[in-house]
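Student: Okay, so here is final-v3.pdb, and as you'll see once you scroll down, it has PDB, C-alpha atoms.
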MODEL        1
ATOM      1  CA  MET A   1      40.336  21.547 -11.903
ATOM      2  CA  PHE A   2      39.043  21.213  -8.336
ATOM      3  CA  PHE A   3      41.112  22.684  -5.528
ATOM      4  CA  THR A   4      40.588  21.909  -1.859
ATOM      5  CA  HIS A   5      42.265  25.250  -1.108
ATOM      6  CA  PRO A   6      42.747  28.383  -3.187
ATOM      7  CA  PRO A   7      45.535  27.837  -5.722
ATOM      8  CA  ASP A   8      48.689  29.803  -5.115
ATOM      9  CA  GLU A   9      50.681  31.554  -7.842
ATOM     10  CA  ARG A  10      53.042  28.566  -8.330
ATOM     11  CA  THR A  11      50.118  26.169  -8.807
ATOM     12  CA  ILE A  12      48.498  28.405 -11.419
ATOM     13  CA  MET A  13      51.834  28.901 -13.194
ATOM     14  CA  ALA A  14      52.527  25.138 -13.171
ATOM     15  CA  GLU A  15      49.252  24.399 -14.951
ATOM     16  CA  ASN A  16      50.225  26.605 -17.887
ATOM     17  CA  THR A  17      54.018  26.461 -17.800
ATOM     18  CA  THR A  18      56.408  23.618 -18.425
ATOM     19  CA  TRP A  19      60.038  23.853 -17.402
ATOM     20  CA  LEU A  20      62.598  22.841 -20.019
ATOM     21  CA  SER A  21      66.366  23.004 -20.018
ATOM     22  CA  GLN A  22      67.875  25.162 -22.768
ATOM     23  CA  GLU A  23      69.060  21.978 -24.497
ATOM     24  CA  SER A  24      65.543  20.503 -24.450
ATOM     25  CA  TYR A  25      63.991  23.729 -25.691
ATOM     26  CA  ASP A  26      66.488  23.975 -28.558
ATOM     27  CA  ARG A  27      66.020  20.307 -29.526
ATOM     28  CA  LEU A  28      62.214  20.605 -29.528
ATOM     29  CA  ALA A  29      62.307  23.924 -31.427
ATOM     30  CA  ALA A  30      64.502  22.289 -34.100
ATOM     31  CA  GLU A  31      62.081  19.355 -34.326
ATOM     32  CA  LEU A  32      59.169  21.782 -34.740
ATOM     33  CA  LYS A  33      60.967  23.710 -37.491
ATOM     34  CA  GLU A  34      61.804  20.462 -39.295
ATOM     35  CA  LEU A  35      58.180  19.269 -39.131
ATOM     36  CA  GLU A  36      56.788  22.618 -40.273
ATOM     37  CA  THR A  37      59.094  22.809 -43.282
ATOM     38  CA  THR A  38      60.675  19.648 -44.667
ATOM     39  CA  GLY A  39      58.208  17.325 -42.929
ATOM     40  CA  ARG A  40      55.153  19.014 -44.401
ATOM     41  CA  GLU A  41      56.752  19.204 -47.857
ATOM     42  CA  GLU A  42      57.632  15.495 -47.855
ATOM     43  CA  VAL A  43      54.165  14.391 -46.722
ATOM     44  CA  ALA A  44      52.477  16.684 -49.252
ATOM     45  CA  ALA A  45      54.627  15.160 -52.016
ATOM     46  CA  ARG A  46      53.671  11.616 -50.902
ATOM     47  CA  ILE A  47      49.986  12.556 -50.840
ATOM     48  CA  GLU A  48      50.210  14.093 -54.312
ATOM     49  CA  ALA A  49      52.052  11.055 -55.697
ATOM     50  CA  ALA A  50      49.478   8.676 -54.228
ATOM     51  CA  ARG A  51      46.612  10.877 -55.445
ATOM     52  CA  SER A  52      47.910  10.580 -59.017
ATOM     53  CA  GLU A  53      47.530   6.783 -58.820
ATOM     54  CA  GLY A  54      43.750   7.030 -59.194
ATOM     55  CA  ASP A  55      40.836   5.925 -56.992
ATOM     56  CA  LEU A  56      41.500   7.335 -53.501
ATOM     57  CA  ARG A  57      39.005   5.035 -51.730
ATOM     58  CA  GLU A  58      41.148   1.970 -52.333
ATOM     59  CA  ASN A  59      44.542   3.657 -52.368
ATOM     60  CA  GLY A  60      46.534   2.400 -49.367
ATOM     61  CA  GLY A  61      49.447   4.728 -50.063
ATOM     62  CA  TYR A  62      47.151   7.734 -50.042
ATOM     63  CA  GLN A  63      45.466   6.656 -46.796
ATOM     64  CA  ALA A  64      48.847   6.030 -45.121
ATOM     65  CA  ALA A  65      50.185   9.426 -46.219
ATOM     66  CA  ARG A  66      47.050  11.192 -44.927
ATOM     67  CA  GLU A  67      47.379   9.365 -41.581
ATOM     68  CA  GLU A  68      51.045  10.373 -41.368
ATOM     69  CA  GLN A  69      50.054  13.971 -42.138
ATOM     70  CA  SER A  70      47.460  13.907 -39.357
ATOM     71  CA  LYS A  71      49.958  12.581 -36.796
ATOM     72  CA  MET A  72      52.558  15.125 -37.865
ATOM     73  CA  GLU A  73      50.097  18.022 -37.556
ATOM     74  CA  GLY A  74      49.179  16.782 -34.076
ATOM     75  CA  ARG A  75      52.849  16.780 -33.087
ATOM     76  CA  ILE A  76      53.255  20.291 -34.523
ATOM     77  CA  LEU A  77      50.355  21.519 -32.372
ATOM     78  CA  GLU A  78      51.755  19.756 -29.302
ATOM     79  CA  LEU A  79      55.242  21.241 -29.760
ATOM     80  CA  THR A  80      53.899  24.721 -30.534
ATOM     81  CA  GLU A  81      51.867  24.768 -27.313
ATOM     82  CA  LEU A  82      54.692  23.279 -25.249
ATOM     83  CA  LEU A  83      57.273  25.778 -26.481
ATOM     84  CA  ARG A  84      54.868  28.712 -26.170
ATOM     85  CA  ASN A  85      54.369  27.912 -22.475
ATOM     86  CA  ALA A  86      57.915  26.804 -21.664
ATOM     87  CA  GLU A  87      60.010  28.253 -18.888
ATOM     88  CA  VAL A  88      63.601  27.819 -20.026
ATOM     89  CA  GLY A  89      66.784  27.460 -18.020
ATOM     90  CA  GLY A  90      67.743  26.889 -14.443
ATOM     91  CA  ASP A  91      69.495  30.023 -13.187
ATOM     92  CA  SER A  92      66.312  31.825 -12.208
ATOM     93  CA  ILE A  93      64.583  28.798 -10.669
ATOM     94  CA  ASP A  94      63.300  29.349  -7.120
ATOM     95  CA  THR A  95      64.670  26.402  -5.142
ATOM     96  CA  SER A  96      63.061  27.396  -1.844
ATOM     97  CA  VAL A  97      59.933  25.429  -2.824
ATOM     98  CA  VAL A  98      59.102  22.547  -5.143
ATOM     99  CA  GLY A  99      58.222  23.847  -8.590
ATOM    100  CA  SER A 100      58.948  23.414 -12.280
ATOM    101  CA  GLY A 101      62.652  22.955 -12.944
ATOM    102  CA  VAL A 102      63.548  22.060  -9.361
ATOM    103  CA  VAL A 103      65.540  18.917  -8.600
ATOM    104  CA  VAL A 104      63.958  17.242  -5.597
ATOM    105  CA  THR A 105      65.539  14.730  -3.266
ATOM    106  CA  ALA A 106      62.740  13.048  -1.370
ATOM    107  CA  GLU A 107      61.941  10.055   0.734
ATOM    108  CA  ILE A 108      59.064   8.336  -1.017
ATOM    109  CA  ALA A 109      57.472   5.438   0.827
ATOM    110  CA  GLY A 110      60.716   4.952   2.744
ATOM    111  CA  SER A 111      63.006   5.072  -0.306
ATOM    112  CA  LYS A 112      65.301   8.020  -1.097
ATOM    113  CA  GLN A 113      64.867   9.302  -4.663
ATOM    114  CA  LYS A 114      66.170  12.238  -6.693
ATOM    115  CA  PHE A 115      64.163  13.588  -9.626
ATOM    116  CA  LEU A 116      63.341  16.687 -11.636
ATOM    117  CA  VAL A 117      59.910  18.292 -11.614
ATOM    118  CA  GLY A 118      59.287  19.186 -15.248
ATOM    119  CA  SER A 119      58.294  18.015 -18.688
ATOM    120  CA  ARG A 120      58.988  14.481 -19.837
ATOM    121  CA  GLN A 121      59.875  16.117 -23.156
ATOM    122  CA  ALA A 122      63.185  17.006 -21.460
ATOM    123  CA  SER A 123      64.019  13.379 -20.673
ATOM    124  CA  ALA A 124      66.470  13.075 -23.573
ATOM    125  CA  ASP A 125      68.550  15.883 -22.085
ATOM    126  CA  VAL A 126      68.355  15.066 -18.364
ATOM    127  CA  GLU A 127      69.989  12.092 -16.666
ATOM    128  CA  ILE A 128      67.620  11.796 -13.683
ATOM    129  CA  PRO A 129      63.966  10.746 -13.639
ATOM    130  CA  ILE A 130      61.414  13.450 -14.441
ATOM    131  CA  TYR A 131      57.973  13.785 -12.885
ATOM    132  CA  PRO A 132      55.544  16.215 -14.493
ATOM    133  CA  GLU A 133      53.850  18.827 -12.363
ATOM    134  CA  SER A 134      50.527  17.302 -13.389
ATOM    135  CA  ALA A 135      51.388  13.768 -12.183
ATOM    136  CA  PRO A 136      49.978  12.707  -8.788
ATOM    137  CA  LEU A 137      53.420  13.034  -7.169
ATOM    138  CA  GLY A 138      54.043  16.409  -8.813
ATOM    139  CA  ARG A 139      50.667  17.806  -7.729
ATOM    140  CA  ALA A 140      51.201  16.591  -4.169
ATOM    141  CA  ILE A 141      54.574  18.256  -3.672
ATOM    142  CA  MET A 142      54.204  21.510  -5.663
ATOM    143  CA  GLY A 143      54.889  24.451  -3.364
ATOM    144  CA  LYS A 144      56.331  22.296  -0.545
ATOM    145  CA  LYS A 145      59.521  23.310   1.238
ATOM    146  CA  LYS A 146      62.485  21.289   2.433
ATOM    147  CA  GLY A 147      61.433  19.228   5.466
ATOM    148  CA  GLU A 148      57.706  19.228   4.605
ATOM    149  CA  THR A 149      55.699  16.111   3.847
ATOM    150  CA  ALA A 150      52.834  15.398   1.485
ATOM    151  CA  THR A 151      50.785  12.405   0.452
ATOM    152  CA  TYR A 152      49.347  11.292  -2.843
ATOM    153  CA  THR A 153      47.320   8.361  -4.111
ATOM    154  CA  ALA A 154      49.167   6.028  -6.442
ATOM    155  CA  PRO A 155      47.414   4.446  -9.457
ATOM    156  CA  ASN A 156      47.025   1.226  -7.433
ATOM    157  CA  GLY A 157      45.012   3.148  -4.811
ATOM    158  CA  LYS A 158      47.697   3.196  -2.107
ATOM    159  CA  THR A 159      48.396   6.411  -0.234
ATOM    160  CA  ILE A 160      52.086   7.253  -0.426
ATOM    161  CA  GLU A 161      53.922   9.656   1.859
ATOM    162  CA  VAL A 162      56.654  11.922   0.508
ATOM    163  CA  LYS A 163      59.133  13.881   2.629
ATOM    164  CA  ILE A 164      61.105  16.623   0.892
ATOM    165  CA  LEU A 165      64.781  16.213   1.852
ATOM    166  CA  ASP A 166      66.462  18.719  -0.463
ATOM    167  CA  LEU A 167      65.746  21.134  -3.317
ATOM    168  CA  GLU A 168      68.271  22.348  -5.879
ATOM    169  CA  ALA A 169      68.636  23.672  -9.398
ATOM    170  CA  LEU A 170      69.512  21.295 -12.210
ATOM    171  CA  LYS A 171      73.248  21.300 -12.883
TER     172      LYS A 171
ENDMDL
END
Go ahead and express the file in the form of C-alpha cells.

Tutor:
Amino acid sequence: MFFTHPPDERTIMAENTTWLSQESYDRLAAELKELETTGREEVAARIEAARSEGDLRENGGYQAAREEQSKMEGRILELTELLRNAEVGGDSIDTSVVGSGVVVTAEIAGSKQKFLVGSRQASADVEIPIYPESAPLGRAIMGKKKGETATYTAPNGKTIEVKILDLEALK
C-alpha cells in the first residue's frame, strides 16, 4: 500500500483488524463451526455418493459437489482470517478519532449521514450503514477528529468532501 505520509498506529491496525460487535462475532464463529463440522461432513458424503456412480468426468453430481466443497473451504478461510483479526465489542473503542467500531455522523457532499466504520460482515447485526475501513470513504476519514474534513474520490471520479460532525460508540 502506498502512503503519502507515514502511517499512524490506527492506520496500521485498521489494515489488519476488523471491528465486529459481539453479536456479529458470535454469529460468524457459529457459522465457521457449522461449516468446519457438519458442512464438511455433508459435502464429503455427497462427493462419496457421486463418486460411487462411476465415471467422474461426466458426473454432474460429482462436479457440483466438488464446486460446493471449494466454495465452502473458501468461506472457511475467509471466516477464520476475519475472526482471527477481529476487534470485538464497543466499550473500549476510542471515539476521539474515526476508527474501527466508531459510529460517525458526517456531512458528505452536503448530506448528513450516520454510519459505522467496520466490517460489512456485521451488517446483519447493525441497523445503520457500514463502511469498511478499506473503502475510499473509510480510508479518507480514518484518524480524523470531530470537526475535521477530508476528501476522497468516488468510483465515478468525483472528489467528495466529508466533514466529521460527531463520533460515538455503537449502542

Student: So the first atom is atom CA of Thr149 of chain A and the second is atom CA of Leu137 of chain A; what is the distance between them in Å, to one decimal place?

Tutor: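 If I compute the distance from atom CA of Thr149 of chain A to atom CA of Leu137 of chain A, I get 11.7 Å.
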
Student: Box along x, y and z, 3 Å on every side, all listed atoms of segment 77-85 of chain A inside: centre and edge lengths in Å to one decimal, as JSON.

Tutor:
{"center_x": 53.8, "center_y": 24.2, "center_z": -27.4, "size_x": 12.9, "size_y": 15.0, "size_z": 15.9}

Student: The PyMOL selection byres ((chain A and resi 145) around 10) - which residues does that actually catch in the file I just gave you? List them as a list in words.

Tutor: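 Going through the file, the PyMOL selection byres ((chain A and resi 145) around 10) ends up selecting Thr95, Ser96, Val97, Val98, Gly99, Ile141, Met142, Gly143, Lys144, Lys146, Gly147, Glu148, Thr149, Lys163, Ile164, Leu165, Asp166 and Leu167 of chain A.
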
Student: For the file shown, what are the residues hit by the PyMOL selection byres ((chain A and resi 19) around 10), laid out as a compact mmCIF listing (two decimals) with C-alpha atoms, in the frame of the given file?

Tutor:
# COMPACT_ATOMS: atom_id res chain seq x y z
CA ALA A 14 52.53 25.14 -13.17
CA THR A 17 54.02 26.46 -17.80
CA THR A 18 56.41 23.62 -18.42
CA LEU A 20 62.60 22.84 -20.02
CA SER A 21 66.37 23.00 -20.02
CA GLN A 22 67.88 25.16 -22.77
CA SER A 24 65.54 20.50 -24.45
CA TYR A 25 63.99 23.73 -25.69
CA LEU A 82 54.69 23.28 -25.25
CA LEU A 83 57.27 25.78 -26.48
CA ASN A 85 54.37 27.91 -22.48
CA ALA A 86 57.92 26.80 -21.66
CA GLU A 87 60.01 28.25 -18.89
CA VAL A 88 63.60 27.82 -20.03
CA GLY A 89 66.78 27.46 -18.02
CA GLY A 90 67.74 26.89 -14.44
CA ILE A 93 64.58 28.80 -10.67
CA GLY A 99 58.22 23.85 -8.59
CA SER A 100 58.95 23.41 -12.28
CA GLY A 101 62.65 22.96 -12.94
CA VAL A 102 63.55 22.06 -9.36
CA LEU A 116 63.34 16.69 -11.64
CA VAL A 117 59.91 18.29 -11.61
CA GLY A 118 59.29 19.19 -15.25
CA SER A 119 58.29 18.02 -18.69
CA ARG A 120 58.99 14.48 -19.84
CA GLN A 121 59.88 16.12 -23.16
CA ALA A 122 63.18 17.01 -21.46
CA PRO A 132 55.54 16.22 -14.49
CA GLU A 133 53.85 18.83 -12.36

Student: Selected by the PyMOL selection byres ((chain A and resi 32) around 10) in the shown coordinates: which residues, as JSON, numbers by chain?

Tutor: {"A": [26, 27, 28, 29, 30, 31, 33, 34, 35, 36, 37, 39, 72, 75, 76, 77, 78, 79, 80, 83]}

Student: Rank nothing, just name the residue among A:Ala45, A:Ala135, A:Ala154, A:Val103 nearest to Leu170 of chain A, using only C-alpha atoms.

Tutor: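 Closest candidate: A:Val103.
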
Student: At what distance in Å, to one decimal, does atom CA of Pro129 of chain A lie from atom CA of Gln113 of chain A?

Tutor: 9.1 Å

Student: Which is closer to Gly110 of chain A than all the others in A:Pro136, A:Glu41, A:Ile160, A:Glu58, using all atoms listed in the file?

Tutor: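 The answer is A:Ile160, which sits nearest to Gly110 of chain A.
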
Student: Between A:Lys171, A:Glu53, A:Ala140, A:Asn59, which has the minimum distance to Glu127 of chain A (counting only C-alpha atoms)?

Tutor: A:Lys171
